[in-house]
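> The structure's right below; bear with me while I get my questions together.
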Amino acid sequence: CSSDLLASGIEFFGGLLLIVGLLTRISAGALGVVMIVAVATVQWPEVDSFLTLVGLEEIMYLALFLWLAIAGAGRLSVDHLLERRDRDGR
């Protein structure tokens, strides 16, 4: 199915981009959307309480991706190097 291919592509390439620290906010946002869809389509029937929802592994990943999308990459990332290069005018 094309949606499976899209989700796996986002997970693979988004994960690679996060490891390198390139396009961190965009990658984390896309991965967060994938986690929301995963919870809504696969895990939702098993959720019977708030504690069950919070205990899902996908929700923990969603929180991490949300934090990365807001905070951005750290100092040891390609994003930081590119930002510093642009700021220095090179």
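Naming works like this for the structure tokens: A, B, ... for the chains as they're shown, residue 1 at the start of each chain, ligands 1 onward in shown order.
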Near Leu62 of chain A, within 10 Å and counting only C-alpha atoms, which residues show up once chain neighbours fewer than 6 positions away are dropped, as JSON, numbers by chain?

{"A": [28, 29, 31, 32, 33, 34, 35, 36, 39, 56, 68]}

> Skip Asp79 of chain A itself and residues of its chain fewer than 5 positions away, then list as a ChimeraX atom specification all residues within 9 Å of it, counting only C-alpha atoms.

/A:20-24,72-74,84

> Give me a file of those residues, with all heavy atoms, as an mmCIF file, in the first residue's frame.


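So result_24.cif came out as:
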```
data_model
loop_
_atom_site.group_PDB
_atom_site.id
_atom_site.type_symbol
_atom_site.label_atom_id
_atom_site.label_comp_id
_atom_site.auth_asym_id
_atom_site.auth_seq_id
_atom_site.Cartn_x
_atom_site.Cartn_y
_atom_site.Cartn_z
ATOM 1 N N VAL A 20 22.022 12.397 11.883
ATOM 2 C CA VAL A 20 23.031 13.330 11.386
ATOM 3 C C VAL A 20 22.810 14.733 11.962
ATOM 4 O O VAL A 20 23.761 15.489 12.157
ATOM 5 C CB VAL A 20 23.005 13.371 9.839
ATOM 6 C CG1 VAL A 20 23.928 14.432 9.294
ATOM 7 C CG2 VAL A 20 23.353 12.015 9.265
ATOM 8 N N GLY A 21 21.560 15.055 12.235
ATOM 9 C CA GLY A 21 21.252 16.393 12.723
ATOM 10 C C GLY A 21 20.991 17.368 11.596
ATOM 11 O O GLY A 21 21.284 18.554 11.709
ATOM 12 N N LEU A 22 20.459 16.868 10.507
ATOM 13 C CA LEU A 22 20.152 17.699 9.340
ATOM 14 C C LEU A 22 18.638 17.785 9.184
ATOM 15 O O LEU A 22 17.948 16.760 9.220
ATOM 16 C CB LEU A 22 20.783 17.109 8.084
ATOM 17 C CG LEU A 22 20.596 17.878 6.789
ATOM 18 C CD1 LEU A 22 21.242 19.259 6.899
ATOM 19 C CD2 LEU A 22 21.208 17.116 5.636
ATOM 20 N N LEU A 23 18.109 18.979 9.028
ATOM 21 C CA LEU A 23 16.668 19.213 8.928
ATOM 22 C C LEU A 23 15.938 18.594 10.118
ATOM 23 O O LEU A 23 14.905 17.943 9.978
ATOM 24 C CB LEU A 23 16.119 18.653 7.610
ATOM 25 C CG LEU A 23 16.727 19.211 6.326
ATOM 26 C CD1 LEU A 23 16.225 18.452 5.123
ATOM 27 C CD2 LEU A 23 16.416 20.693 6.187
ATOM 28 N N THR A 24 16.471 18.819 11.294
ATOM 29 C CA THR A 24 15.979 18.157 12.501
ATOM 30 C C THR A 24 14.525 18.493 12.794
ATOM 31 O O THR A 24 13.721 17.599 13.072
ATOM 32 C CB THR A 24 16.856 18.556 13.704
ATOM 33 O OG1 THR A 24 18.199 18.195 13.408
ATOM 34 C CG2 THR A 24 16.398 17.893 14.977
ATOM 35 N N GLY A 72 14.886 21.950 18.327
ATOM 36 C CA GLY A 72 15.856 21.888 17.245
ATOM 37 C C GLY A 72 17.052 21.034 17.607
ATOM 38 O O GLY A 72 17.091 20.386 18.650
ATOM 39 N N ALA A 73 18.012 21.040 16.737
ATOM 40 C CA ALA A 73 19.205 20.220 16.925
ATOM 41 C C ALA A 73 20.155 20.866 17.926
ATOM 42 O O ALA A 73 20.105 22.061 18.180
ATOM 43 C CB ALA A 73 19.910 20.022 15.594
ATOM 44 N N GLY A 74 21.045 20.075 18.451
ATOM 45 C CA GLY A 74 22.038 20.570 19.401
ATOM 46 C C GLY A 74 23.302 21.034 18.706
ATOM 47 O O GLY A 74 23.363 21.182 17.479
ATOM 48 N N ARG A 84 25.635 28.357 12.031
ATOM 49 C CA ARG A 84 26.793 29.151 12.426
ATOM 50 C C ARG A 84 27.515 29.694 11.196
ATOM 51 O O ARG A 84 27.961 30.842 11.201
ATOM 52 C CB ARG A 84 27.742 28.298 13.268
ATOM 53 C CG ARG A 84 28.845 29.116 13.893
ATOM 54 C CD ARG A 84 29.643 28.323 14.878
ATOM 55 N NE ARG A 84 30.251 27.186 14.199
ATOM 56 C CZ ARG A 84 30.928 26.242 14.828
ATOM 57 N NH1 ARG A 84 31.058 26.263 16.124
ATOM 58 N NH2 ARG A 84 31.471 25.258 14.139
#
```

> Determine which residues of chain A receive a DSSP assignment of helix (DSSP H, G or I), computed from the backbone, and state them as number ranges by chain.

A: 2-20, 24-46, 50-54, 57-71, 78-88
